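Colleague: To start, I am sharing the structure in question, which I have written as structure tokens.
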Amino acid sequence: MKLTRWQKPESWNVSPWRRVNSFRDEVDNLFNLAFGRLANLNPGNGQEAQLLEGWFPAVDVYEDKDNLLVKAELPGLRKEDVEIGFQNGYLTLSGERKQEQKHEDAETYRTERWQGRFHRTISLPCRVDADKIKATYTEGVLTVTLPKAEEAKAKQIPITVS
Amino acid sequence: MNAVTQQEEKSARPQPVEEERQFVSPRVNVIESKDGYVLEADMPGVAKNGLEVSLEGNVLTITGRRTPVPVACLLYRESPTADFRRTFELDPSIDGGKISARIEQGVLTLTLPKAEKVKPHRITVS
């Protein structure tokens, strides 16, 4: 049996992801400050911001007794636009949001919504049963349910008093 | 840019009436055609019953409440906990009574038709 050091769930809050994320927000703000004016002068040119930032859909991870739940905010996608992969304890979400409809003779005022490809890899905190992973998509949120492997489930150990 | 202008100062400050509630601004696309405007907003996790679209004078407010997550222990979160809200000042050419809204897979689509009288007409010379 492998002994793994106990990690407090709170320590997830200071995970490198979080730091990368807040860093990304900072960068976003910088670019918005620098290019916000430019973008306003040329309505419909939100594209440059997208080129600089890329699309990182927000991902949440939940846990209950039997499952891990990974939720990703992916509004306005079709089932066939998303790919879910699992390998070696890593869950991969990737896909593409295409421009939904071509607006003929239309003028664009704002293009803030993401378009194009995204790719996220999530390191799972415990072993899961790879054959029983399920995914649903409602209200623009993708939910991947990963049943925990038997050995990863919490067990109650009875005490025998003699 | 004055067609559907966002009122930055309104959405940025928390509304005093709604006691300290925090909101995030959804990302939107705004397109104008000759018949009207189409506004698309990304509001993931918002169901039809959590959505509120209101029009006061020429100020349009969209509010989306996230569907609560079933009881489970949160390990890691990137999505904002706050609900969505954003206000827009509408162009006077928009017919307020004919605005329609639908939400599909977390994308709100508002159709804002222009009033008949402002639509371009072709006048035939007799």
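Ligands are numbered from 1 in the order shown, chains are lettered A, B, ... in the order of the structure tokens, and residues start at 1 in each chain.
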Show me, as a ChimeraX atom specification, the residues of chain B whose atoms get within 10 Å of chain A, using only C-alpha atoms for the distance check.

Modeller: /B:1-5,26-48,66-67,69-80,103-108

Colleague: Report, in Å to a single decimal, how far apart CA of Ala152 in chain A and CA of Leu124 in chain A are.

Modeller: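 Value for the CA of Leu124 in chain A-CA of Ala152 in chain A distance: 11.7 Å.
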
Colleague: Would you pick out the contacts of Ser94 in chain A at 10 Å or less, using only C-alpha atoms, so that residues sharing its chain but fewer than 5 positions from it are not included, and give the list as a PDB file with C-alpha atoms, in the first residue's frame?

Modeller:
```pdb
ATOM      1  CA  PRO A  57     -13.120  28.215 -19.663  1.00  0.00           C
ATOM      2  CA  ASP A  81     -17.817  20.411 -30.325  1.00  0.00           C
ATOM      3  CA  VAL A  82     -16.474  19.093 -27.011  1.00  0.00           C
ATOM      4  CA  GLU A  83     -13.969  16.309 -26.457  1.00  0.00           C
ATOM      5  CA  ILE A  84     -13.330  14.706 -23.106  1.00  0.00           C
ATOM      6  CA  GLY A  85     -10.277  12.570 -22.495  1.00  0.00           C
ATOM      7  CA  ARG A 117     -10.370  26.478 -29.478  1.00  0.00           C
ATOM      8  CA  PHE A 118      -9.889  25.753 -25.821  1.00  0.00           C
ATOM      9  CA  HIS A 119      -7.942  23.100 -23.969  1.00  0.00           C
ATOM     10  CA  ARG A 120      -7.884  22.385 -20.242  1.00  0.00           C
ATOM     11  CA  THR A 121      -6.168  19.595 -18.341  1.00  0.00           C
TER      12      THR A 121
END
```

Colleague: So which bits of chain B end up strand (DSSP E or B) when you DSSP the backbone, as a count of residues only?

Modeller: 60

Colleague: Give the answer as one residue: which of B:Phe23, B:Ser93, B:Ile99, B:Pro113 has the shortest atom-to-atom distance to Thr63 in chain B, using only C-alpha atoms?

Modeller: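 When distances to Thr63 in chain B are compared using only C-alpha atoms, the smallest one comes from B:Phe23.
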
Colleague: Would you list the contacts of Gly64 in chain B as a list in words, taking every protein, DNA or RNA residue within 8 Å and counting only C-alpha atoms, but skipping same-chain residues closer than 3 positions in sequence?

Modeller: Met43, Val46, Gly50, Leu51, Glu52, Asp83, Phe84 and Arg85 of chain B

Colleague: Create the file for the chosen residues now, containing C-alpha atoms and written as a PDB file, in the first residue's frame.

Modeller:
```pdb
ATOM      1  CA  MET B  43     -24.410  33.210 -18.977  1.00  0.00           C
ATOM      2  CA  VAL B  46     -28.325  30.164 -15.750  1.00  0.00           C
ATOM      3  CA  GLY B  50     -33.143  32.317 -13.180  1.00  0.00           C
ATOM      4  CA  LEU B  51     -33.201  34.903 -15.904  1.00  0.00           C
ATOM      5  CA  GLU B  52     -34.633  38.386 -15.624  1.00  0.00           C
ATOM      6  CA  ASP B  83     -24.727  36.240 -10.418  1.00  0.00           C
ATOM      7  CA  PHE B  84     -24.655  37.945 -13.779  1.00  0.00           C
ATOM      8  CA  ARG B  85     -25.879  41.487 -14.357  1.00  0.00           C
TER       9      ARG B  85
END
```

Colleague: In Å, rounded to a single decimal, give me how far CA of Leu112 in chain B is from CA of Ile62 in chain B.

Modeller: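 The value is 13.4 Å.
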
Colleague: Run DSSP on the backbone and tell me which residues of chain B come out as helix (DSSP H, G or I); list them as a PyMOL selection string.

Modeller: chain B and resi 8-12+96-98+116-118

Colleague: Extract, using only C-alpha atoms, all DNA, RNA and protein residues at most 6 Å from Tyr90 in chain A, discarding same-chain residues fewer than 3 positions from it, and format them as a PyMOL selection string.

Modeller: chain A and resi 86-87+122-124
